[in-house]
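Q: What follows is coords03.pdb; its format and atoms are PDB, C-alpha atoms and all ligand atoms.
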ATOM      1  CA  MET A1076       0.000   0.000   0.000
ATOM      2  CA  GLU A1077       2.724   2.456   0.957
ATOM      3  CA  THR A1078       4.284   2.320  -2.517
ATOM      4  CA  SER A1079       1.108   2.147  -4.617
ATOM      5  CA  PRO A1080       0.524   5.480  -6.429
ATOM      6  CA  LEU A1081      -3.273   5.104  -6.206
ATOM      7  CA  ALA A1082      -3.181   4.375  -2.476
ATOM      8  CA  GLN A1083      -0.824   7.290  -1.973
ATOM      9  CA  ARG A1084      -3.244   9.619  -3.725
ATOM     10  CA  LEU A1085      -6.102   8.513  -1.489
ATOM     11  CA  ALA A1086      -3.992   8.943   1.629
ATOM     12  CA  THR A1087      -3.433  12.622   0.863
ATOM     13  CA  ARG A1088      -6.749  13.308   2.595
ATOM     14  CA  PHE A1089      -5.060  12.696   5.967
ATOM     15  CA  VAL A1090      -1.322  12.665   5.216
ATOM     16  CA  ALA A1091       0.604  15.615   3.767
ATOM     17  CA  GLY A1092       2.872  13.446   1.598
ATOM     18  CA  ASP A1093       5.927  11.234   1.640
ATOM     19  CA  THR A1094       8.481  14.003   1.794
ATOM     20  CA  LEU A1095       9.297  16.995   3.954
ATOM     21  CA  ALA A1096       8.998  19.234   0.886
ATOM     22  CA  GLN A1097       5.397  18.103   0.390
ATOM     23  CA  ALA A1098       4.651  18.624   4.077
ATOM     24  CA  LEU A1099       6.071  22.165   3.925
ATOM     25  CA  GLY A1100       3.855  22.886   0.907
ATOM     26  CA  VAL A1101       0.783  21.776   2.855
ATOM     27  CA  ALA A1102       1.925  23.737   5.905
ATOM     28  CA  HIS A1103       2.196  26.955   3.863
ATOM     29  CA  ARG A1104      -1.247  26.425   2.379
ATOM     30  CA  ILE A1105      -2.741  25.900   5.833
ATOM     31  CA  ARG A1106      -0.854  28.920   7.177
ATOM     32  CA  SER A1107      -2.424  31.075   4.449
ATOM     33  CA  GLU A1108      -5.829  30.140   5.902
ATOM     34  CA  GLY A1109      -4.755  31.498   9.294
ATOM     35  CA  ILE A1110      -4.192  28.049  10.794
ATOM     36  CA  ALA A1111      -0.983  26.863  12.488
ATOM     37  CA  ILE A1112       0.544  23.391  12.185
ATOM     38  CA  THR A1113       2.609  20.868  14.057
ATOM     39  CA  LEU A1114       4.542  18.435  11.863
ATOM     40  CA  ASP A1115       4.656  14.749  12.668
ATOM     41  CA  HIS A1116       7.026  12.371  10.931
ATOM     42  CA  LEU A1117       5.166   9.079  10.705
ATOM     43  CA  GLY A1118       6.642   5.966  12.180
ATOM     44  CA  GLU A1119       6.461   4.592  15.715
ATOM     45  CA  SER A1120       8.223   1.760  17.527
ATOM     46  CA  VAL A1121      11.560   1.730  15.716
ATOM     47  CA  ALA A1122      13.493  -1.560  15.603
ATOM     48  CA  SER A1123      16.851  -0.252  16.843
ATOM     49  CA  LEU A1124      18.628   2.741  18.329
ATOM     50  CA  GLU A1125      20.134   3.412  14.885
ATOM     51  CA  GLU A1126      16.626   3.857  13.510
ATOM     52  CA  ALA A1127      15.794   6.109  16.452
ATOM     53  CA  ALA A1128      18.808   8.292  15.614
ATOM     54  CA  GLN A1129      17.593   8.494  12.002
ATOM     55  CA  ALA A1130      14.154   9.583  13.205
ATOM     56  CA  ARG A1131      15.787  12.254  15.368
ATOM     57  CA  ASP A1132      17.734  13.543  12.365
ATOM     58  CA  VAL A1133      14.583  13.782  10.258
ATOM     59  CA  TYR A1134      13.008  15.865  13.013
ATOM     60  CA  LEU A1135      16.078  18.093  13.397
ATOM     61  CA  HIS A1136      15.980  18.732   9.683
ATOM     62  CA  ALA A1137      12.214  19.361   9.739
ATOM     63  CA  LEU A1138      12.526  21.920  12.550
ATOM     64  CA  SER A1139      15.191  23.857  10.693
ATOM     65  CA  ALA A1140      13.301  23.629   7.382
ATOM     66  CA  LEU A1141      10.117  24.970   8.988
ATOM     67  CA  HIS A1142      12.040  27.851  10.473
ATOM     68  CA  ASP A1143      13.968  28.593   7.251
ATOM     69  CA  SER A1144      10.765  28.695   5.228
ATOM     70  CA  GLY A1145       9.242  31.259   7.565
ATOM     71  CA  LEU A1146       6.994  28.905   9.507
ATOM     72  CA  GLU A1147       6.934  28.307  13.240
ATOM     73  CA  GLY A1148       9.174  25.342  14.130
ATOM     74  CA  ASN A1149       6.585  23.154  15.801
ATOM     75  CA  VAL A1150       6.821  19.351  15.711
ATOM     76  CA  SER A1151       5.138  16.402  17.438
ATOM     77  CA  LEU A1152       6.948  13.141  18.113
ATOM     78  CA  LYS A1153       6.514   9.779  19.785
ATOM     79  CA  LEU A1154       9.098   8.553  22.270
ATOM     80  CA  THR A1155       8.985   4.996  20.922
ATOM     81  CA  GLN A1156      10.170   6.451  17.624
ATOM     82  CA  PHE A1157      13.056   8.073  19.491
ATOM     83  CA  GLY A1158      14.131   4.746  21.028
ATOM     84  CA  LEU A1159      12.248   4.506  24.327
ATOM     85  CA  ASP A1160      11.785   0.745  24.014
ATOM     86  CA  PHE A1161      15.569   0.315  23.919
ATOM     87  CA  SER A1162      16.985   2.914  26.273
ATOM     88  CA  TYR A1163      15.390   5.705  28.304
ATOM     89  CA  ASP A1164      18.688   7.590  28.447
ATOM     90  CA  GLN A1165      19.363   7.354  24.740
ATOM     91  CA  CYS A1166      15.803   8.327  23.952
ATOM     92  CA  ARG A1167      16.101  11.316  26.282
ATOM     93  CA  ALA A1168      19.364  12.344  24.626
ATOM     94  CA  ASN A1169      17.694  12.188  21.195
ATOM     95  CA  VAL A1170      14.764  14.320  22.323
ATOM     96  CA  GLU A1171      17.116  16.697  24.135
ATOM     97  CA  GLN A1172      18.930  17.511  20.892
ATOM     98  CA  LEU A1173      15.644  18.390  19.296
ATOM     99  CA  VAL A1174      14.348  20.461  22.205
ATOM    100  CA  ARG A1175      17.630  22.356  22.392
ATOM    101  CA  ARG A1176      17.364  23.140  18.687
ATOM    102  CA  ALA A1177      13.705  24.150  19.078
ATOM    103  CA  ALA A1178      14.544  26.481  21.967
ATOM    104  CA  GLY A1179      17.217  28.153  19.807
ATOM    105  CA  LEU A1180      14.727  28.684  16.981
ATOM    106  CA  ASN A1181      11.908  29.868  19.223
ATOM    107  CA  GLY A1182      10.090  26.672  18.279
ATOM    108  CA  PHE A1183       8.344  23.936  20.204
ATOM    109  CA  VAL A1184       8.409  20.154  20.587
ATOM    110  CA  ARG A1185       5.238  18.328  21.596
ATOM    111  CA  VAL A1186       5.785  14.843  22.921
ATOM    112  CA  ASP A1187       2.731  12.778  21.952
ATOM    113  CA  MET A1188       1.364  10.373  24.541
ATOM    114  CA  GLU A1189       1.346   6.656  23.742
ATOM    115  CA  SER A1190      -0.217   3.818  25.729
ATOM    116  CA  SER A1191      -0.355   3.863  29.542
ATOM    117  CA  ALA A1192       2.763   1.686  29.691
ATOM    118  CA  TYR A1193       4.693   4.842  28.720
ATOM    119  CA  THR A1194       2.793   7.569  30.578
ATOM    120  CA  GLN A1195       5.066   8.060  33.588
ATOM    121  CA  ARG A1196       8.298   7.854  31.607
ATOM    122  CA  THR A1197       6.935  10.332  29.077
ATOM    123  CA  ILE A1198       5.941  12.822  31.759
ATOM    124  CA  ASP A1199       9.310  12.429  33.515
ATOM    125  CA  LEU A1200      11.198  13.040  30.306
ATOM    126  CA  VAL A1201       9.154  16.104  29.353
ATOM    127  CA  THR A1202       9.379  17.549  32.868
ATOM    128  CA  GLY A1203      13.160  17.166  32.974
ATOM    129  CA  LEU A1204      13.733  18.737  29.574
ATOM    130  CA  HIS A1205      11.268  21.523  30.232
ATOM    131  CA  ALA A1206      13.122  22.525  33.398
ATOM    132  CA  ARG A1207      16.272  22.907  31.343
ATOM    133  CA  TYR A1208      15.076  24.352  28.014
ATOM    134  CA  GLY A1209      11.349  25.183  28.058
ATOM    135  CA  ALA A1210      10.202  24.616  24.440
ATOM    136  CA  VAL A1211       8.646  21.215  25.135
ATOM    137  CA  GLY A1212       5.157  20.138  26.163
ATOM    138  CA  ALA A1213       3.146  17.051  27.029
ATOM    139  CA  VAL A1214      -0.092  15.343  26.024
ATOM    140  CA  ILE A1215      -2.623  14.116  28.559
ATOM    141  CA  GLN A1216      -5.383  11.631  27.753
ATOM    142  CA  ALA A1217      -8.835  12.153  29.269
ATOM    143  CA  CYS A1218      -9.429   8.394  29.257
ATOM    144  CA  LEU A1219      -6.930   7.767  32.087
ATOM    145  CA  TYR A1220      -7.914   8.034  35.754
ATOM    146  CA  ARG A1221      -4.565   9.592  36.646
ATOM    147  CA  SER A1222      -4.898  12.539  34.272
ATOM    148  CA  ARG A1223      -6.249  15.133  36.701
ATOM    149  CA  ASN A1224      -3.184  14.709  38.920
ATOM    150  CA  ASP A1225      -0.889  14.859  35.923
ATOM    151  CA  ILE A1226      -2.503  18.063  34.683
ATOM    152  CA  GLU A1227      -2.235  19.680  38.108
ATOM    153  CA  GLU A1228       1.438  18.754  38.351
ATOM    154  CA  LEU A1229       2.297  19.869  34.802
ATOM    155  CA  SER A1230       0.359  23.126  35.179
ATOM    156  CA  ARG A1231       2.156  23.863  38.437
ATOM    157  CA  ARG A1232       5.395  23.722  36.450
ATOM    158  CA  ALA A1233       3.894  25.822  33.621
ATOM    159  CA  ILE A1234       4.336  22.967  31.173
ATOM    160  CA  ARG A1235       2.005  23.177  28.205
ATOM    161  CA  VAL A1236      -0.545  20.386  27.928
ATOM    162  CA  ARG A1237      -2.414  19.120  24.892
ATOM    163  CA  LEU A1238      -5.591  17.415  26.087
ATOM    164  CA  CYS A1239      -6.972  14.566  23.952
ATOM    165  CA  LYS A1240      -9.379  11.684  24.607
ATOM    166  CA  GLY A1241      -6.740   8.964  24.120
ATOM    167  CA  ALA A1242      -6.235   6.695  21.140
ATOM    168  CA  TYR A1243      -5.075   3.461  22.798
ATOM    169  CA  LEU A1244      -7.054   0.502  24.057
ATOM    170  CA  GLU A1245      -6.508   0.513  27.834
ATOM    171  CA  PRO A1246      -7.577  -1.856  30.628
ATOM    172  CA  ALA A1247     -10.360  -0.787  33.018
ATOM    173  CA  SER A1248      -7.777  -0.743  35.820
ATOM    174  CA  VAL A1249      -6.269   2.471  34.409
ATOM    175  CA  ALA A1250      -8.875   3.989  32.078
ATOM    176  CA  PHE A1251     -12.605   4.701  31.851
ATOM    177  CA  PRO A1252     -14.135   1.859  29.840
ATOM    178  CA  ARG A1253     -17.165   3.922  28.794
ATOM    179  CA  LYS A1254     -16.802   6.592  26.152
ATOM    180  CA  SER A1255     -19.375   8.798  27.886
ATOM    181  CA  ASP A1256     -17.113   8.890  30.968
ATOM    182  CA  VAL A1257     -14.115   9.784  28.834
ATOM    183  CA  ASP A1258     -16.081  12.623  27.252
ATOM    184  CA  ARG A1259     -17.227  13.895  30.653
ATOM    185  CA  ASN A1260     -13.695  13.741  32.036
ATOM    186  CA  PHE A1261     -12.418  15.562  28.952
ATOM    187  CA  VAL A1262     -14.756  18.478  29.668
ATOM    188  CA  ASP A1263     -13.758  18.611  33.361
ATOM    189  CA  LEU A1264     -10.048  18.526  32.538
ATOM    190  CA  MET A1265     -10.495  21.046  29.759
ATOM    191  CA  LYS A1266     -12.045  23.515  32.201
ATOM    192  CA  LEU A1267      -9.218  22.911  34.654
ATOM    193  CA  LEU A1268      -6.678  23.614  31.912
ATOM    194  CA  LEU A1269      -8.484  26.687  30.660
ATOM    195  CA  ARG A1270      -8.402  28.100  34.188
ATOM    196  CA  HIS A1271      -4.933  27.039  35.325
ATOM    197  CA  GLY A1272      -3.009  25.626  32.357
ATOM    198  CA  ALA A1273      -0.097  27.178  30.490
ATOM    199  CA  TYR A1274      -1.458  27.925  27.013
ATOM    200  CA  PRO A1275      -3.414  24.646  26.806
ATOM    201  CA  ALA A1276      -4.337  22.862  23.585
ATOM    202  CA  ILE A1277      -7.815  21.373  23.300
ATOM    203  CA  ALA A1278      -7.350  18.522  20.799
ATOM    204  CA  THR A1279     -10.671  17.147  19.622
ATOM    205  CA  HIS A1280     -13.060  17.073  16.648
ATOM    206  CA  ASP A1281     -16.001  16.696  18.995
ATOM    207  CA  GLU A1282     -18.153  19.680  18.111
ATOM    208  CA  ASN A1283     -20.153  19.479  21.307
ATOM    209  CA  ILE A1284     -16.955  19.749  23.357
ATOM    210  CA  VAL A1285     -15.579  22.514  21.150
ATOM    211  CA  ARG A1286     -18.754  24.513  21.787
ATOM    212  CA  GLN A1287     -18.434  23.930  25.526
ATOM    213  CA  ALA A1288     -14.861  25.233  25.384
ATOM    214  CA  GLU A1289     -16.000  28.340  23.532
ATOM    215  CA  ALA A1290     -18.797  28.971  26.049
ATOM    216  CA  TYR A1291     -16.570  28.352  29.074
ATOM    217  CA  ALA A1292     -13.855  30.670  27.777
ATOM    218  CA  ALA A1293     -16.371  33.417  27.067
ATOM    219  CA  GLU A1294     -18.041  33.023  30.456
ATOM    220  CA  HIS A1295     -14.708  33.194  32.325
ATOM    221  CA  HIS A1296     -13.232  35.996  30.207
ATOM    222  CA  ILE A1297     -10.464  33.747  28.932
ATOM    223  CA  ARG A1298      -8.939  35.381  25.865
ATOM    224  CA  ARG A1299      -9.040  33.568  22.540
ATOM    225  CA  ASP A1300      -5.256  33.748  22.307
ATOM    226  CA  ALA A1301      -4.774  32.132  25.737
ATOM    227  CA  PHE A1302      -5.400  28.627  24.370
ATOM    228  CA  GLU A1303      -5.657  26.799  21.071
ATOM    229  CA  PHE A1304      -7.777  24.125  19.486
ATOM    230  CA  GLN A1305      -5.977  21.305  17.741
ATOM    231  CA  MET A1306      -7.296  18.890  15.119
ATOM    232  CA  LEU A1307      -5.898  16.338  12.737
ATOM    233  CA  TYR A1308      -5.193  17.348   9.153
ATOM    234  CA  GLY A1309      -8.159  16.418   6.943
ATOM    235  CA  ILE A1310     -10.700  15.811   9.718
ATOM    236  CA  ARG A1311     -13.736  18.075  10.250
ATOM    237  CA  ARG A1312     -12.518  20.689   7.838
ATOM    238  CA  ASP A1313     -15.857  22.503   8.182
ATOM    239  CA  LEU A1314     -15.315  22.941  11.913
ATOM    240  CA  GLN A1315     -11.694  23.941  11.329
ATOM    241  CA  ARG A1316     -12.739  26.695   8.941
ATOM    242  CA  ARG A1317     -15.410  27.987  11.302
ATOM    243  CA  LEU A1318     -13.022  28.238  14.262
ATOM    244  CA  ALA A1319     -10.327  29.967  12.210
ATOM    245  CA  SER A1320     -12.809  32.437  10.723
ATOM    246  CA  GLU A1321     -14.143  33.295  14.189
ATOM    247  CA  GLY A1322     -10.689  34.215  15.446
ATOM    248  CA  TYR A1323      -9.914  31.128  17.511
ATOM    249  CA  ARG A1324      -6.418  29.755  17.420
ATOM    250  CA  LEU A1325      -6.284  26.429  15.642
ATOM    251  CA  ARG A1326      -3.344  24.128  14.990
ATOM    252  CA  LEU A1327      -3.462  21.115  12.700
ATOM    253  CA  TYR A1328      -1.451  17.991  13.326
ATOM    254  CA  VAL A1329       0.102  17.342   9.917
ATOM    255  CA  PRO A1330       1.698  13.925   9.426
ATOM    256  CA  PHE A1331       4.099  13.131   6.615
ATOM    257  CA  GLY A1332       6.453  10.323   5.675
ATOM    258  CA  LYS A1333       6.564   7.001   3.914
ATOM    259  CA  ALA A1334       5.181   4.981   6.833
ATOM    260  CA  TRP A1335       1.686   6.434   6.463
ATOM    261  CA  TYR A1336      -0.316   3.212   6.257
ATOM    262  CA  PRO A1337      -0.969   2.467   9.991
ATOM    263  CA  TYR A1338      -1.840   6.120  10.672
ATOM    264  CA  TYR A1339      -4.190   6.185   7.685
ATOM    265  CA  MET A1340      -5.930   2.956   8.704
ATOM    266  CA  ARG A1341      -6.494   4.333  12.228
ATOM    267  CA  ARG A1342      -8.242   7.390  10.764
ATOM    268  CA  LEU A1343     -10.452   5.159   8.601
ATOM    269  CA  ALA A1344     -11.274   2.849  11.483
ATOM    270  CA  GLU A1345     -12.335   5.759  13.700
ATOM    271  CA  ARG A1346     -15.167   6.630  11.389
ATOM    272  CA  PRO A1347     -16.916   4.369   8.883
ATOM    273  CA  ALA A1348     -17.954   7.383   6.792
ATOM    274  CA  ASN A1349     -14.302   7.802   5.856
ATOM    275  CA  VAL A1350     -14.350   4.443   4.145
ATOM    276  CA  PHE A1351     -17.262   5.598   1.966
ATOM    277  CA  PHE A1352     -15.341   8.749   1.173
ATOM    278  CA  ILE A1353     -12.368   6.672   0.022
ATOM    279  CA  ALA A1354     -14.582   4.235  -1.908
ATOM    280  CA  ARG A1355     -16.287   7.104  -3.748
ATOM    281  CA  ASN A1356     -12.905   8.453  -4.780
ATOM    282  CA  LEU A1357     -11.744   5.020  -5.871
ATOM    283  CA  PHE A1358     -14.664   4.707  -8.267
ATOM    284  CA  ARG A1359     -13.925   8.143  -9.661
ATOM    285  CA  GLN A1360     -10.421   7.069 -10.706
TER     286      GLN A1360
HETATM  287  C1  LIG A1401      -4.108  17.280  17.399
HETATM  288  C2  LIG A1401      -4.343  15.929  17.987
HETATM  289  C3  LIG A1401      -3.305  15.273  18.626
HETATM  290  C4  LIG A1401      -3.510  14.028  19.214
HETATM  291  N1  LIG A1401      -2.494  13.453  19.933
HETATM  292  C5  LIG A1401      -2.726  12.298  20.576
HETATM  293  C6  LIG A1401      -1.759  11.725  21.446
HETATM  294  O1  LIG A1401      -0.650  12.262  21.611
HETATM  295  N2  LIG A1401      -2.053  10.569  22.080
HETATM  296  C7  LIG A1401      -3.267   9.952  21.923
HETATM  297  O2  LIG A1401      -3.503   8.915  22.549
HETATM  298  N3  LIG A1401      -4.201  10.458  21.089
HETATM  299  C8  LIG A1401      -3.970  11.611  20.423
HETATM  300  N4  LIG A1401      -4.936  12.134  19.615
HETATM  301  C9  LIG A1401      -6.117  11.306  19.258
HETATM  302  C10 LIG A1401      -7.244  11.433  20.247
HETATM  303  O3  LIG A1401      -6.877  10.828  21.459
HETATM  304  C11 LIG A1401      -8.527  10.759  19.709
HETATM  305  O4  LIG A1401      -8.300   9.402  19.503
HETATM  306  C12 LIG A1401      -9.025  11.361  18.403
HETATM  307  O5  LIG A1401      -8.820  12.735  18.348
HETATM  308  C13 LIG A1401     -10.531  11.107  18.244
HETATM  309  O6  LIG A1401     -11.231  11.683  19.315
HETATM  310  P1  LIG A1401     -12.101  13.039  19.223
HETATM  311  O7  LIG A1401     -11.715  13.891  20.365
HETATM  312  O8  LIG A1401     -11.974  13.671  17.916
HETATM  313  O9  LIG A1401     -13.572  12.555  19.570
HETATM  314  P2  LIG A1401     -14.489  11.400  19.028
HETATM  315  O10 LIG A1401     -15.559  11.259  20.051
HETATM  316  O11 LIG A1401     -13.715  10.192  18.635
HETATM  317  O12 LIG A1401     -15.091  12.020  17.726
HETATM  318  C14 LIG A1401     -15.950  13.154  17.784
HETATM  319  C15 LIG A1401     -16.350  13.534  16.380
HETATM  320  O13 LIG A1401     -15.186  13.942  15.649
HETATM  321  C16 LIG A1401     -15.272  13.514  14.309
HETATM  322  N5  LIG A1401     -14.169  12.552  14.041
HETATM  323  C17 LIG A1401     -13.358  11.953  14.939
HETATM  324  N6  LIG A1401     -12.453  11.166  14.319
HETATM  325  C18 LIG A1401     -12.723  11.264  12.999
HETATM  326  C19 LIG A1401     -12.139  10.697  11.826
HETATM  327  N7  LIG A1401     -11.109   9.854  11.857
HETATM  328  N8  LIG A1401     -12.668  11.025  10.637
HETATM  329  C20 LIG A1401     -13.717  11.890  10.540
HETATM  330  N9  LIG A1401     -14.299  12.446  11.610
HETATM  331  C21 LIG A1401     -13.808  12.160  12.818
HETATM  332  C22 LIG A1401     -16.621  12.890  14.156
HETATM  333  O14 LIG A1401     -17.515  13.891  13.757
HETATM  334  C23 LIG A1401     -16.931  12.403  15.560
HETATM  335  O15 LIG A1401     -18.301  12.270  15.779
HETATM  336  C24 LIG A1401      -4.767  13.393  19.076
HETATM  337  C25 LIG A1401      -5.811  14.060  18.436
HETATM  338  C26 LIG A1401      -5.625  15.305  17.913
HETATM  339  C27 LIG A1401      -6.774  16.014  17.260
END
Go ahead and express the file in the form of structure tokens.
Ligand SMILES: Cc1cc2nc3c(=O)[nH]c(=O)nc-3n(C[C@H](O)[C@H](O)[C@H](O)COP(=O)(O)OP(=O)(O)OC[C@H]3O[C@@H](n4cnc5c(N)ncnc54)[C@H](O)[C@@H]3O)c2cc1C
A:
Amino acid sequence: METSPLAQRLATRFVAGDTLAQALGVAHRIRSEGIAITLDHLGESVASLEEAAQARDVYLHALSALHDSGLEGNVSLKLTQFGLDFSYDQCRANVEQLVRRAAGLNGFVRVDMESSAYTQRTIDLVTGLHARYGAVGAVIQACLYRSRNDIEELSRRAIRVRLCKGAYLEPASVAFPRKSDVDRNFVDLMKLLLRHGAYPAIATHDENIVRQAEAYAAEHHIRRDAFEFQMLYGIRRDLQRRLASEGYRLRLYVPFGKAWYPYYMRRLAERPANVFFIARNLFRQ
């Protein structure tokens, strides 16, 4: 699939392209619509520390290229791609290089959150690097019971948090099994972040929650530039356009790279309507 030209064309709905140059093109187009981006180089769970070092180099290059082309140097990465399954210290050293570079360019590194097996190590790593460089932030998942404590701790240290629902299948011992509980917790944590967080990011396509965020911010006189919404490239473009046109800050998570297939399949699986969208385009070919 990853090398088929037809499949590649279909994937462009959710993935900016195979190459950094394509991703920069998409980023400039989005920027012209008044929307910011964070670049993600696709690929998780590398097979060796050599591969982790290669991933780090791609990110170092991407940060500089964003900056050189007049865009904000903002990237999102996964620690397993930076070698966490092999060595915490080596992984930390890889991320440190990137955060140091980002700090020098006035940019920012967001460390995505993976499954609960990684939560504590991810928070430790982000907290340590933030104390030294700033320029790095965390992601907290509303599905986990521990998240309120994590948000309080991160906010106390003025570490930026992106709040999302959580994309991993977790056991009931650590996460709310029912989606309605996850949604309710998301709203509670979102309000906490809007009140006490350091420039929080509300990452969801859930229009009901987005409206609650808008209402809460208005009610509590929280300025529209004190937080941002975040969404995935290609998802709920109608909602994206509305928020941008109404003066809200919006950042799109823009993935690129050759290893797009697992990411693409996750986006399809989340919503059956996407499969119809793809099928319709297939028949148009
Ligand atoms: C910017 C960003 C960064 C993220 N980072 C992480 C991370 O670091 N770790 C992590 O675990 N998860 C991350 N996620 C994923 C997140 O946890 C959810 O799995 C994902 O966003 C779907 O949840 P939702 O909030 O959109 O709500 P849902 O309740 O899943 O969806 C609400 C509505 O959004 C729309 N929608 C949702 N998904 C799709 C789709 N694929 N196609 C079309 N419409 C859709 C539909 O209208 C749906 O009814 C991130 C999400 C975003 C937006």
Q: Find the residues near ligand LIG 1401 (chain A). Use a cut-off of 8 Å, count all atoms listed in the file, and write them as a PDB file with C-alpha atoms, keeping the file's coordinate frame.
A:
ATOM      1  CA  LYS A1153       6.514   9.779  19.785  1.00  0.00           C
ATOM      2  CA  VAL A1186       5.785  14.843  22.921  1.00  0.00           C
ATOM      3  CA  ASP A1187       2.731  12.778  21.952  1.00  0.00           C
ATOM      4  CA  MET A1188       1.364  10.373  24.541  1.00  0.00           C
ATOM      5  CA  GLU A1189       1.346   6.656  23.742  1.00  0.00           C
ATOM      6  CA  SER A1190      -0.217   3.818  25.729  1.00  0.00           C
ATOM      7  CA  VAL A1214      -0.092  15.343  26.024  1.00  0.00           C
ATOM      8  CA  ILE A1215      -2.623  14.116  28.559  1.00  0.00           C
ATOM      9  CA  GLN A1216      -5.383  11.631  27.753  1.00  0.00           C
ATOM     10  CA  ARG A1237      -2.414  19.120  24.892  1.00  0.00           C
ATOM     11  CA  LEU A1238      -5.591  17.415  26.087  1.00  0.00           C
ATOM     12  CA  CYS A1239      -6.972  14.566  23.952  1.00  0.00           C
ATOM     13  CA  LYS A1240      -9.379  11.684  24.607  1.00  0.00           C
ATOM     14  CA  GLY A1241      -6.740   8.964  24.120  1.00  0.00           C
ATOM     15  CA  ALA A1242      -6.235   6.695  21.140  1.00  0.00           C
ATOM     16  CA  TYR A1243      -5.075   3.461  22.798  1.00  0.00           C
ATOM     17  CA  LYS A1254     -16.802   6.592  26.152  1.00  0.00           C
ATOM     18  CA  ASP A1258     -16.081  12.623  27.252  1.00  0.00           C
ATOM     19  CA  ALA A1278      -7.350  18.522  20.799  1.00  0.00           C
ATOM     20  CA  THR A1279     -10.671  17.147  19.622  1.00  0.00           C
ATOM     21  CA  HIS A1280     -13.060  17.073  16.648  1.00  0.00           C
ATOM     22  CA  ASP A1281     -16.001  16.696  18.995  1.00  0.00           C
ATOM     23  CA  GLU A1282     -18.153  19.680  18.111  1.00  0.00           C
ATOM     24  CA  GLN A1305      -5.977  21.305  17.741  1.00  0.00           C
ATOM     25  CA  MET A1306      -7.296  18.890  15.119  1.00  0.00           C
ATOM     26  CA  LEU A1307      -5.898  16.338  12.737  1.00  0.00           C
ATOM     27  CA  GLY A1309      -8.159  16.418   6.943  1.00  0.00           C
ATOM     28  CA  ILE A1310     -10.700  15.811   9.718  1.00  0.00           C
ATOM     29  CA  ARG A1311     -13.736  18.075  10.250  1.00  0.00           C
ATOM     30  CA  ARG A1326      -3.344  24.128  14.990  1.00  0.00           C
ATOM     31  CA  LEU A1327      -3.462  21.115  12.700  1.00  0.00           C
ATOM     32  CA  TYR A1328      -1.451  17.991  13.326  1.00  0.00           C
ATOM     33  CA  ARG A1341      -6.494   4.333  12.228  1.00  0.00           C
ATOM     34  CA  ARG A1342      -8.242   7.390  10.764  1.00  0.00           C
ATOM     35  CA  LEU A1343     -10.452   5.159   8.601  1.00  0.00           C
ATOM     36  CA  ALA A1344     -11.274   2.849  11.483  1.00  0.00           C
ATOM     37  CA  GLU A1345     -12.335   5.759  13.700  1.00  0.00           C
ATOM     38  CA  ARG A1346     -15.167   6.630  11.389  1.00  0.00           C
ATOM     39  CA  ALA A1348     -17.954   7.383   6.792  1.00  0.00           C
ATOM     40  CA  ASN A1349     -14.302   7.802   5.856  1.00  0.00           C
TER      41      ASN A1349
END
Q: I'd like the residues picked by the PyMOL selection byres (((chain A and resi 1143-1146) around 9) and not hetatm) written out as a ChimeraX atom specification, using the chain letters and numbers from the file.
A: /A:1099,1102-1103,1106,1111-1112,1138-1142,1147-1149
Q: Kindly indicate which residue among A:Val1121, A:Leu1244, A:Ile1110, A:Cys1218 lies nearest to Phe1304 in chain A, using all atoms listed in the file for the distances.
A: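 Among A:Val1121, A:Leu1244, A:Ile1110, A:Cys1218, it is A:Ile1110 that comes nearest to Phe1304 in chain A.
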Q: What residues come out when you apply the PyMOL selection byres (((chain A and resi 1322) around 12) and not hetatm) to this file, written as a PyMOL selection string?
A: chain A and resi 1108-1110+1289+1298-1300+1302-1304+1315-1321+1323-1325
Q: Give me a file of those residues, with C-alpha atoms, as an mmCIF file, in the frame of the given file.
A:
data_model
loop_
_atom_site.group_PDB
_atom_site.id
_atom_site.type_symbol
_atom_site.label_atom_id
_atom_site.label_comp_id
_atom_site.auth_asym_id
_atom_site.auth_seq_id
_atom_site.Cartn_x
_atom_site.Cartn_y
_atom_site.Cartn_z
ATOM 1 C CA GLU A 1108 -5.829 30.140 5.902
ATOM 2 C CA GLY A 1109 -4.755 31.498 9.294
ATOM 3 C CA ILE A 1110 -4.192 28.049 10.794
ATOM 4 C CA GLU A 1289 -16.000 28.340 23.532
ATOM 5 C CA ARG A 1298 -8.939 35.381 25.865
ATOM 6 C CA ARG A 1299 -9.040 33.568 22.540
ATOM 7 C CA ASP A 1300 -5.256 33.748 22.307
ATOM 8 C CA PHE A 1302 -5.400 28.627 24.370
ATOM 9 C CA GLU A 1303 -5.657 26.799 21.071
ATOM 10 C CA PHE A 1304 -7.777 24.125 19.486
ATOM 11 C CA GLN A 1315 -11.694 23.941 11.329
ATOM 12 C CA ARG A 1316 -12.739 26.695 8.941
ATOM 13 C CA ARG A 1317 -15.410 27.987 11.302
ATOM 14 C CA LEU A 1318 -13.022 28.238 14.262
ATOM 15 C CA ALA A 1319 -10.327 29.967 12.210
ATOM 16 C CA SER A 1320 -12.809 32.437 10.723
ATOM 17 C CA GLU A 1321 -14.143 33.295 14.189
ATOM 18 C CA TYR A 1323 -9.914 31.128 17.511
ATOM 19 C CA ARG A 1324 -6.418 29.755 17.420
ATOM 20 C CA LEU A 1325 -6.284 26.429 15.642
#
Q: Rounded to one decimal place, report the CA of Val1150 in chain A-CA of Gly1332 in chain A distance in Å.
A: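 Separating CA of Val1150 in chain A from CA of Gly1332 in chain A is a distance of 13.5 Å.
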Q: CA of Ile1284 in chain A and CA of Arg1253 in chain A, how far apart in Å?
A: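 These two atoms are separated by 16.7 Å.
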Q: Please write the residues picked by the PyMOL selection byres (((chain A and resi 1230) around 12) and not hetatm) on this file as a list of chain:residue names.
A: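 Against this file, the PyMOL selection byres (((chain A and resi 1230) around 12) and not hetatm) returns the residues A:Thr1202, A:Gly1212, A:Ala1213, A:Ile1215, A:Ser1222, A:Arg1223, A:Asn1224, A:Asp1225, A:Ile1226, A:Glu1227, A:Glu1228, A:Leu1229, A:Arg1231, A:Arg1232, A:Ala1233, A:Ile1234, A:Arg1235, A:Val1236, A:Arg1237, A:Leu1264, A:Leu1267, A:Leu1268, A:Leu1269, A:Arg1270, A:His1271, A:Gly1272, A:Ala1273, A:Tyr1274, A:Pro1275.
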